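See below for protein_22.cif, which holds mmCIF, C-alpha atoms and all ligand atoms.
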```
data_upload
#
loop_
_atom_site.label_atom_id
_atom_site.label_comp_id
_atom_site.auth_asym_id
_atom_site.auth_seq_id
_atom_site.Cartn_x
_atom_site.Cartn_y
_atom_site.Cartn_z
CA MET A 107 135.20 164.81 171.85
CA GLN A 108 134.02 163.96 175.36
CA GLY A 109 133.23 166.80 177.76
CA PHE A 110 135.80 167.64 180.43
CA VAL A 111 136.72 170.05 183.21
CA TYR A 112 140.14 171.73 183.25
CA GLN A 113 141.18 174.03 186.08
CA SER A 114 144.76 175.20 186.24
CA ALA A 115 146.58 175.43 189.56
CA PRO A 116 148.17 178.85 189.95
CA SER A 117 151.90 178.57 190.54
CA ARG A 118 154.61 180.72 189.05
CA VAL A 119 157.39 178.68 187.41
CA VAL A 120 160.86 180.03 186.76
CA PHE A 121 162.94 177.54 184.78
CA GLY A 122 166.58 177.52 183.70
CA ALA A 123 170.17 176.81 184.65
CA GLY A 124 171.24 179.30 187.34
CA VAL A 125 167.77 180.60 188.27
CA LEU A 126 168.50 179.95 191.97
CA ALA A 127 170.17 183.39 191.89
CA GLN A 128 166.69 184.91 191.42
CA LEU A 129 165.45 183.55 194.76
CA PRO A 130 165.81 186.81 196.75
CA ASP A 131 163.70 188.63 194.13
CA GLU A 132 161.09 185.89 194.25
CA VAL A 133 160.86 186.14 198.06
CA MET A 134 160.40 189.92 197.76
CA ARG A 135 157.76 189.40 195.09
CA LEU A 136 155.68 187.53 197.66
CA GLY A 137 156.08 190.41 200.12
CA ALA A 138 157.81 188.09 202.61
CA ARG A 139 160.53 189.17 205.03
CA ARG A 140 161.69 186.09 206.92
CA ALA A 141 162.09 182.94 204.86
CA LEU A 142 162.84 179.71 206.68
CA VAL A 143 164.95 177.44 204.49
CA LEU A 144 163.91 173.79 204.70
CA THR A 145 165.98 170.82 203.59
CA THR A 146 167.12 167.31 204.60
CA PRO A 147 170.03 166.68 207.02
CA GLU A 148 172.16 165.45 204.06
CA ARG A 149 171.59 168.70 202.17
CA ARG A 150 172.25 171.13 205.04
CA GLY A 151 175.19 172.62 203.08
CA LEU A 152 172.89 173.56 200.23
CA GLY A 153 170.36 174.97 202.72
CA GLU A 154 173.06 177.19 204.20
CA ARG A 155 174.13 178.35 200.76
CA VAL A 156 170.52 179.33 200.06
CA ALA A 157 170.28 181.16 203.40
CA ARG A 158 173.43 183.13 202.55
CA LEU A 159 171.90 184.03 199.20
CA LEU A 160 168.81 185.34 201.02
CA GLY A 161 170.89 187.41 203.45
CA GLU A 162 168.73 189.33 205.91
CA ARG A 163 165.57 187.75 204.49
CA ALA A 164 166.62 184.34 205.84
CA ALA A 165 165.01 183.31 209.16
CA GLY A 166 167.25 180.24 209.45
CA VAL A 167 167.84 176.76 208.10
CA TYR A 168 165.74 173.81 209.27
CA ALA A 169 167.43 170.66 207.95
CA GLN A 170 165.26 167.95 209.46
CA ALA A 171 163.08 166.83 206.53
CA VAL A 172 162.72 163.06 206.19
CA MET A 173 160.76 160.76 203.89
CA HIS A 174 156.95 160.66 204.17
CA VAL A 175 156.62 163.57 206.67
CA PRO A 176 156.19 161.84 210.05
CA ILE A 177 153.67 163.80 212.11
CA ASP A 178 156.22 164.47 214.90
CA VAL A 179 158.68 166.01 212.44
CA ALA A 180 155.90 168.22 211.06
CA ARG A 181 154.94 169.39 214.58
CA ALA A 182 158.56 170.16 215.51
CA ALA A 183 159.03 172.12 212.27
CA ARG A 184 155.88 174.17 212.88
CA GLU A 185 157.12 175.06 216.39
CA GLU A 186 160.54 176.08 215.07
CA ALA A 187 158.96 178.19 212.32
CA THR A 188 156.84 180.01 214.91
CA ARG A 189 159.84 180.49 217.23
CA LEU A 190 161.87 182.04 214.38
CA GLY A 191 158.99 184.26 213.24
CA ALA A 192 159.08 182.89 209.68
CA ASP A 193 156.56 184.28 207.20
CA CYS A 194 157.57 182.21 204.18
CA TYR A 195 159.31 178.87 203.46
CA VAL A 196 161.93 178.03 200.91
CA ALA A 197 161.86 174.27 200.45
CA VAL A 198 165.07 173.27 198.70
CA GLY A 199 165.23 169.55 198.05
CA GLY A 200 163.07 166.65 196.93
CA GLY A 201 159.56 165.60 197.78
CA SER A 202 160.44 165.03 201.44
CA THR A 203 161.55 168.63 201.93
CA ILE A 204 158.67 170.09 199.96
CA GLY A 205 156.33 167.79 201.91
CA LEU A 206 157.60 169.29 205.16
CA GLY A 207 156.95 172.79 203.80
CA LYS A 208 153.43 171.72 202.92
CA ALA A 209 152.83 170.34 206.42
CA ILE A 210 153.76 173.75 207.86
CA ALA A 211 151.73 175.70 205.27
CA LEU A 212 148.70 173.53 205.95
CA GLU A 213 148.35 175.19 209.37
CA SER A 214 150.03 178.56 208.83
CA ALA A 215 148.75 179.27 205.27
CA GLN A 216 152.10 181.03 204.68
CA PRO A 217 153.62 180.81 201.18
CA ILE A 218 156.15 178.23 200.02
CA ILE A 219 158.77 178.80 197.36
CA ALA A 220 159.89 175.39 196.12
CA VAL A 221 163.32 174.73 194.69
CA PRO A 222 163.09 171.07 193.66
CA THR A 223 166.28 169.05 193.38
CA THR A 224 164.69 165.71 192.42
CA TYR A 225 162.03 164.77 189.87
CA ALA A 226 159.23 163.88 192.33
CA GLY A 227 156.88 166.69 191.28
CA SER A 228 155.41 167.64 194.67
CA GLU A 229 156.24 171.32 194.04
CA VAL A 230 153.31 171.78 191.62
CA THR A 231 150.63 169.85 193.48
CA PRO A 232 148.17 170.84 196.23
CA ILE A 233 148.63 167.33 197.69
CA TYR A 234 150.14 166.86 201.14
CA GLY A 235 151.00 163.69 203.03
CA LEU A 236 151.50 162.99 206.72
CA THR A 237 152.52 159.68 208.28
CA GLU A 238 151.24 158.66 211.67
CA GLY A 239 152.19 155.26 213.00
CA ARG A 240 152.51 153.04 209.93
CA LEU A 241 149.80 154.76 207.90
CA LYS A 242 150.36 157.59 205.45
CA LYS A 243 147.41 159.88 204.88
CA THR A 244 147.21 162.26 201.96
CA GLY A 245 144.91 165.18 201.31
CA ARG A 246 144.44 168.13 198.99
CA ASP A 247 144.46 171.74 200.12
CA ALA A 248 145.12 174.86 198.06
CA ARG A 249 147.14 176.33 200.97
CA VAL A 250 149.97 173.84 200.44
CA LEU A 251 150.52 174.53 196.73
CA PRO A 252 153.86 176.36 196.45
CA ARG A 253 153.33 179.87 195.08
CA THR A 254 156.58 179.92 193.16
CA VAL A 255 158.80 177.14 191.80
CA LEU A 256 162.40 177.68 190.75
CA TYR A 257 163.56 174.82 188.51
CA ASP A 258 167.32 175.03 188.30
CA PRO A 259 168.87 171.96 186.59
CA GLU A 260 172.26 172.88 188.10
CA LEU A 261 170.91 171.81 191.50
CA THR A 262 170.18 168.33 190.18
CA LEU A 263 173.76 167.66 189.07
CA THR A 264 174.60 166.25 192.51
CA LEU A 265 171.62 163.90 192.58
CA PRO A 266 173.23 160.44 192.54
CA VAL A 267 172.64 158.44 189.38
CA ASP A 268 170.55 155.74 191.05
CA ILE A 269 168.28 158.28 192.76
CA SER A 270 168.03 160.29 189.53
CA ALA A 271 166.89 157.23 187.61
CA ALA A 272 164.33 156.16 190.21
CA SER A 273 163.09 159.70 190.75
CA GLY A 274 162.65 160.13 186.99
CA MET A 275 160.56 156.96 186.84
CA ASN A 276 158.55 158.24 189.82
CA ALA A 277 157.75 161.29 187.69
CA MET A 278 156.86 159.12 184.74
CA ALA A 279 154.35 157.25 186.90
CA HIS A 280 152.40 160.49 187.41
CA ALA A 281 152.22 161.02 183.66
CA VAL A 282 151.24 157.41 182.89
CA GLU A 283 148.37 157.44 185.39
CA ALA A 284 147.20 160.89 184.21
CA LEU A 285 146.47 159.41 180.78
CA TYR A 286 143.85 157.02 182.16
CA ALA A 287 142.63 159.15 185.07
CA GLN A 288 138.88 159.21 185.54
CA ASP A 289 139.00 163.01 185.28
CA ALA A 290 141.57 163.07 182.45
CA ASN A 291 141.38 166.03 180.10
CA PRO A 292 143.05 166.78 176.78
CA VAL A 293 145.40 169.48 178.08
CA ILE A 294 146.84 167.35 180.87
CA SER A 295 147.04 164.36 178.51
CA LEU A 296 149.22 166.42 176.15
CA MET A 297 151.49 167.27 179.05
CA ALA A 298 151.56 163.63 180.15
CA GLU A 299 152.61 162.32 176.78
CA GLU A 300 155.25 165.03 176.38
CA SER A 301 156.49 164.28 179.89
CA ILE A 302 156.92 160.56 179.16
CA ARG A 303 158.74 161.38 175.93
CA ALA A 304 161.05 163.92 177.60
CA LEU A 305 161.87 161.65 180.53
CA ALA A 306 162.43 158.57 178.37
CA GLN A 307 164.82 160.57 176.21
CA ALA A 308 166.67 162.32 179.02
CA LEU A 309 167.04 159.69 181.74
CA PRO A 310 169.36 157.28 179.88
CA ASP A 311 171.60 160.30 179.12
CA VAL A 312 171.47 161.41 182.76
CA VAL A 313 172.54 157.92 183.84
CA ARG A 314 175.39 157.79 181.30
CA HIS A 315 176.52 161.40 181.83
CA PRO A 316 175.18 162.70 185.17
CA ASP A 317 176.82 166.07 184.63
CA ASN A 318 175.17 166.69 181.26
CA ILE A 319 173.22 169.87 182.02
CA THR A 320 171.15 169.57 178.84
CA ALA A 321 169.93 166.09 179.79
CA ARG A 322 169.37 167.27 183.37
CA GLY A 323 167.30 170.20 182.09
CA GLN A 324 165.24 167.92 179.86
CA ALA A 325 164.62 165.51 182.75
CA LEU A 326 163.57 168.37 185.01
CA TYR A 327 161.24 169.67 182.28
CA GLY A 328 159.64 166.21 182.02
CA ALA A 329 159.38 166.08 185.80
CA TRP A 330 157.63 169.46 185.91
CA LEU A 331 155.05 168.31 183.36
CA ALA A 332 154.56 165.08 185.31
CA GLY A 333 154.07 167.02 188.53
CA VAL A 334 151.43 169.17 186.83
CA CYS A 335 149.65 165.95 185.80
CA LEU A 336 149.75 164.69 189.39
CA GLY A 337 148.35 167.96 190.68
CA HIS A 338 145.48 168.19 188.20
CA VAL A 339 143.94 164.74 187.80
CA GLY A 340 143.34 161.77 190.05
CA MET A 341 145.83 158.93 190.34
CA ALA A 342 144.93 155.24 190.29
CA LEU A 343 146.09 151.75 191.26
CA HIS A 344 149.78 152.46 190.82
CA HIS A 345 149.83 155.34 193.29
CA LYS A 346 147.64 153.46 195.74
CA ILE A 347 150.07 150.52 195.79
CA CYS A 348 153.09 152.79 196.13
CA HIS A 349 151.53 154.71 199.04
CA THR A 350 150.99 151.38 200.76
CA LEU A 351 154.56 150.25 200.11
CA GLY A 352 155.99 153.55 201.34
CA GLY A 353 153.71 154.27 204.28
CA THR A 354 153.33 150.77 205.70
CA PHE A 355 156.59 149.07 204.66
CA ASN A 356 158.79 152.18 204.58
CA LEU A 357 160.14 151.34 201.13
CA PRO A 358 162.05 154.16 199.40
CA HIS A 359 159.41 156.19 197.56
CA ALA A 360 160.97 156.72 194.14
CA GLN A 361 162.39 153.20 193.84
CA ALA A 362 159.02 151.65 194.73
CA HIS A 363 157.37 153.72 191.99
CA ALA A 364 160.02 152.74 189.48
CA VAL A 365 159.80 149.02 190.23
CA MET A 366 155.99 148.94 190.20
CA LEU A 367 155.31 151.09 187.12
CA PRO A 368 155.76 148.44 184.36
CA HIS A 369 153.45 146.10 186.27
CA THR A 370 150.66 148.55 187.02
CA ALA A 371 150.76 149.96 183.46
CA HIS A 372 150.47 146.45 182.07
CA TYR A 373 147.64 145.63 184.48
CA ASN A 374 145.59 148.45 182.92
CA HIS A 375 146.51 148.02 179.25
CA ALA A 376 143.37 146.13 178.19
CA ALA A 377 141.00 148.32 180.22
CA ALA A 378 142.54 151.63 179.04
CA PRO A 379 143.89 150.80 175.57
CA LEU A 380 143.97 154.36 174.20
CA ALA A 381 145.85 155.72 177.22
CA LEU A 382 148.39 152.90 177.25
CA GLN A 383 148.83 153.25 173.50
CA ARG A 384 149.85 156.86 174.09
CA VAL A 385 152.31 155.69 176.74
CA ALA A 386 153.71 153.10 174.32
CA ARG A 387 154.03 155.68 171.52
CA ALA A 388 155.92 158.07 173.78
CA LEU A 389 158.33 155.23 174.55
CA GLY A 390 158.83 154.27 170.90
CA GLY A 391 156.27 151.44 170.73
CA GLU A 392 152.90 151.11 169.06
CA GLN A 393 150.32 149.11 170.97
CA ALA A 394 148.89 149.41 174.46
CA SER A 395 150.40 146.04 175.34
CA ASP A 396 153.90 147.42 174.51
CA ALA A 397 153.77 149.97 177.35
CA GLY A 398 154.54 147.66 180.32
CA PRO A 399 157.38 145.77 178.61
CA LEU A 400 158.91 149.06 177.32
CA LEU A 401 158.80 150.54 180.82
CA HIS A 402 160.42 147.35 182.13
CA ARG A 403 163.19 147.67 179.51
CA LEU A 404 163.69 151.35 180.36
CA ASN A 405 164.08 150.39 184.04
CA GLN A 406 166.77 147.88 183.03
CA THR A 407 168.58 150.51 180.93
CA LEU A 408 168.52 152.87 183.90
CA GLY A 409 169.83 150.24 186.33
CA ILE A 410 166.70 150.38 188.51
CA PRO A 411 166.72 147.59 191.16
CA ALA A 412 165.12 144.54 189.60
CA GLY A 413 162.35 143.89 192.11
CA LEU A 414 160.67 144.88 195.37
CA SER A 415 162.84 142.24 197.09
CA ALA A 416 165.90 144.34 196.20
CA ILE A 417 164.53 147.51 197.85
CA GLY A 418 163.61 146.07 201.22
CA MET A 419 160.13 144.58 200.79
CA PRO A 420 159.71 141.49 202.99
CA GLU A 421 158.10 138.61 201.11
CA ALA A 422 155.90 138.02 204.15
CA GLY A 423 154.41 141.51 203.67
CA LEU A 424 153.00 140.92 200.18
CA GLU A 425 149.68 139.54 201.45
CA GLU A 426 149.14 142.57 203.71
CA ALA A 427 150.19 144.94 200.91
CA ALA A 428 147.63 143.35 198.55
CA THR A 429 144.89 143.68 201.16
CA LEU A 430 145.75 147.32 201.87
CA ALA A 431 146.00 148.18 198.17
CA CYS A 432 142.48 146.84 197.63
CA ALA A 433 140.97 148.64 200.65
CA ASN A 434 139.32 151.93 199.60
CA PRO A 435 140.82 151.59 196.12
CA TYR A 436 141.35 154.66 193.95
CA ASP A 437 139.44 154.78 190.64
CA ASN A 438 141.22 152.50 188.22
CA PRO A 439 140.44 151.36 184.67
CA ALA A 440 140.86 147.61 185.41
CA PRO A 441 138.99 146.18 188.43
CA VAL A 442 141.13 146.18 191.58
CA GLU A 443 140.80 142.63 192.91
CA ARG A 444 142.93 140.99 195.56
CA ALA A 445 144.05 137.86 193.69
CA PRO A 446 145.45 139.59 190.57
CA ILE A 447 146.92 142.39 192.71
CA LEU A 448 148.72 139.83 194.88
CA ALA A 449 150.00 138.09 191.73
CA LEU A 450 151.20 141.46 190.39
CA LEU A 451 153.00 142.23 193.66
CA GLU A 452 154.63 138.80 193.67
CA ARG A 453 155.96 139.29 190.13
CA ALA A 454 157.21 142.75 191.04
CA TRP A 455 158.84 141.32 194.19
CA ARG A 456 160.73 138.72 192.13
CA GLY A 457 161.75 141.35 189.56
CA GLU A 458 160.05 139.63 186.64
CA ALA A 459 158.80 141.35 183.50
CA PRO A 460 155.11 142.34 183.58
CA ALA A 461 152.77 139.59 182.43
N1 LIG B 501 152.59 165.59 197.64
C1 LIG B 501 153.00 165.33 196.43
O1 LIG B 501 152.44 165.81 195.47
C2 LIG B 501 154.19 164.43 196.27
C3 LIG B 501 154.67 164.14 194.99
C4 LIG B 501 155.79 163.34 194.87
C5 LIG B 501 156.44 162.86 196.01
N2 LIG B 501 155.93 163.15 197.23
C6 LIG B 501 156.60 162.68 198.45
O2 LIG B 501 157.98 163.03 198.38
C7 LIG B 501 158.76 162.06 199.05
C8 LIG B 501 159.85 161.53 198.12
O3 LIG B 501 160.55 162.57 197.51
P1 LIG B 501 161.85 162.32 196.65
O4 LIG B 501 161.72 161.06 195.89
O5 LIG B 501 162.11 163.58 195.93
O6 LIG B 501 162.98 162.00 197.71
P2 LIG B 501 163.62 162.84 198.92
O7 LIG B 501 163.15 164.23 198.94
O8 LIG B 501 163.42 162.03 200.14
O9 LIG B 501 165.15 162.83 198.51
C9 LIG B 501 165.86 161.60 198.46
C10 LIG B 501 167.28 161.80 198.96
O10 LIG B 501 168.01 162.52 197.99
C11 LIG B 501 168.67 163.62 198.59
N3 LIG B 501 168.70 164.67 197.57
C12 LIG B 501 167.65 165.36 197.08
N4 LIG B 501 168.08 166.16 196.08
C13 LIG B 501 169.41 165.97 195.95
C14 LIG B 501 170.41 166.49 195.08
N5 LIG B 501 170.12 167.33 194.09
N6 LIG B 501 171.68 166.06 195.24
C15 LIG B 501 171.99 165.14 196.18
N7 LIG B 501 171.09 164.60 197.02
C16 LIG B 501 169.82 165.01 196.91
C17 LIG B 501 167.83 163.96 199.80
O11 LIG B 501 168.59 164.64 200.76
C18 LIG B 501 167.39 162.59 200.25
O12 LIG B 501 168.38 162.01 201.05
C19 LIG B 501 157.80 160.98 199.50
O13 LIG B 501 157.47 161.17 200.85
C20 LIG B 501 156.59 161.20 198.61
O14 LIG B 501 155.40 160.72 199.17
C21 LIG B 501 154.85 163.94 197.38
#
```
Represent the structure from my file as structure tokens, please.
Ligand SMILES: NC(=O)c1ccc[n+]([C@@H]2O[C@H](COP(=O)([O-])OP(=O)(O)OC[C@H]3O[C@@H](n4cnc5c(N)ncnc54)[C@H](O)[C@@H]3O)[C@@H](O)[C@H]2O)c1
Amino acid sequence: MQGFVYQSAPSRVVFGAGVLAQLPDEVMRLGARRALVLTTPERRGLGERVARLLGERAAGVYAQAVMHVPIDVARAAREEATRLGADCYVAVGGGSTIGLGKAIALESAQPIIAVPTTYAGSEVTPIYGLTEGRLKKTGRDARVLPRTVLYDPELTLTLPVDISAASGMNAMAHAVEALYAQDANPVISLMAEESIRALAQALPDVVRHPDNITARGQALYGAWLAGVCLGHVGMALHHKICHTLGGTFNLPHAQAHAVMLPHTAHYNHAAAPLALQRVARALGGEQASDAGPLLHRLNQTLGIPAGLSAIGMPEAGLEEAATLACANPYDNPAPVERAPILALLERAWRGEAPA
């Protein structure tokens, strides 16, 4: 066996239907007294429900989280948190809400309790992102890792089917790239394979029966494992392309991941055959070259939009996207070269199967 380094990131995870009720105890456990509840404008109702649950330990509800954490939104949130005297943040929502919590924690170093309601996985990573102008910058800092995560599948029942499917494939992308990460290690690879298997099993059920709490729980379990993968090992070409598509072209994050994943997995199958074979096996296939086509078929089963064209990517932007994806590339098993990356983006734009 090859040598490796494994360092676990210390968050406390409480998992199960109904665990939201334990939130007040978890706030007390951190020794906090004034928790500011963060969420998106659409989920203000849930934020207020959480604040009521917290009672006198709630500092207020800040329902201004938006995708990709624009720097102005982060600054306004930090000012509001200071004005309200918050000493802890309860981020209840998807990656956008948790991202806002991280932007505040990055400066205040105050603890975050994350209550994820999508499958994005941000709640178990020390990675933060901030968007200034058209460029999204990401970084790692231990201060932004939520101290406690409450995974309550009941909170995902309202996640619309199309967002559930895309968000689940966003999670799967973390697990796929973990298997061929330059700093991959056997523990995270086990989690990655189990994550792919759990998500591939659960997501079609979630799409068919969105109120099936067992399938929702299984999907959230797969998403947790995928988030752990994202937080522990480096990501590659797929994540680089998706950051470009989100930050520069403002494409919806989860959908961009879902559309791109079959293509980026296929791009790497010859350079990382053992990793892609594990992906294929978790999806019911055998060979590394099965992984991309099986991911493409799963996308079709889940009703994921067929191509980048269907989620708002202008055809005229493909050249710029290819250039940006090749600038300061992340480590990747297959060489990251402009011509094949442009060809890959064009196929993804048209919604074709990976080739
Ligand atoms: N830093 C990290 O480690 C990391 C990891 C993954 C994603 N991200 C970031 O997270 C963002 C994307 O997060 P996301 O895909 O979770 O989307 P999101 O948080 O933007 O949520 C998408 C939409 O779904 C709504 N929503 C969320 N949960 C819901 C529920 N249970 N029921 C009904 N509606 C619900 C939200 O209000 C929002 O309108 C991106 O900015 C991405 O870069 C960061």
Checklist entry - Do you know which residues are at most 12 Å from Leu136 (chain A) counting all atoms listed in the file, after dropping those on the same chain fewer than 5 positions away, and could you put them as a PyMOL selection string? => result chain A and resi 118+129-131+141+193-196+216-219+252-254
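Proximity of A:Thr320, A:Thr354, A:Gln406, A:Asn276 to ligand LIG 501 (chain B), computed with all atoms listed in the file, is greatest for A:Asn276.
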Next on the checklist: Taking only C-alpha atoms and all ligand atoms into account, which residues have an atom no farther than 6 Å from ligand LIG 501 (chain B)? I'd like them as a list in words.
Outcome noted: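 Checking only C-alpha atoms and all ligand atoms against ligand LIG 501 (chain B) at 6 Å gives Thr146, Glu148, Arg149, Met173, His174, Gly199, Gly200, Gly201, Ser202, Thr203, Thr223, Thr224, Ala226, Gly227, Ser228, Thr231, Ile233, Tyr234, Gly235, Leu261, Thr262, Thr264, Leu265, Ser273, His359 and Ala360 of chain A.
Nearest-residue note for Leu296 (chain A): choosing from A:Ala377, A:Ala388, A:Leu451, A:Ala211, the minimum distance belongs to A:Ala388, counting all atoms listed in the file.
Our summary of the geometry notes that CA of Ala183 (chain A) is positioned 14.3 Å from CA of Ala215 (chain A).
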Next on the checklist: Taking all atoms listed in the file into account, name the residue in A:Arg303, A:Lys208, A:Arg322, A:His344 that is nearest to Ala386 (chain A).
Outcome noted: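 Result for the nearest residue to Ala386 (chain A): A:Arg303.
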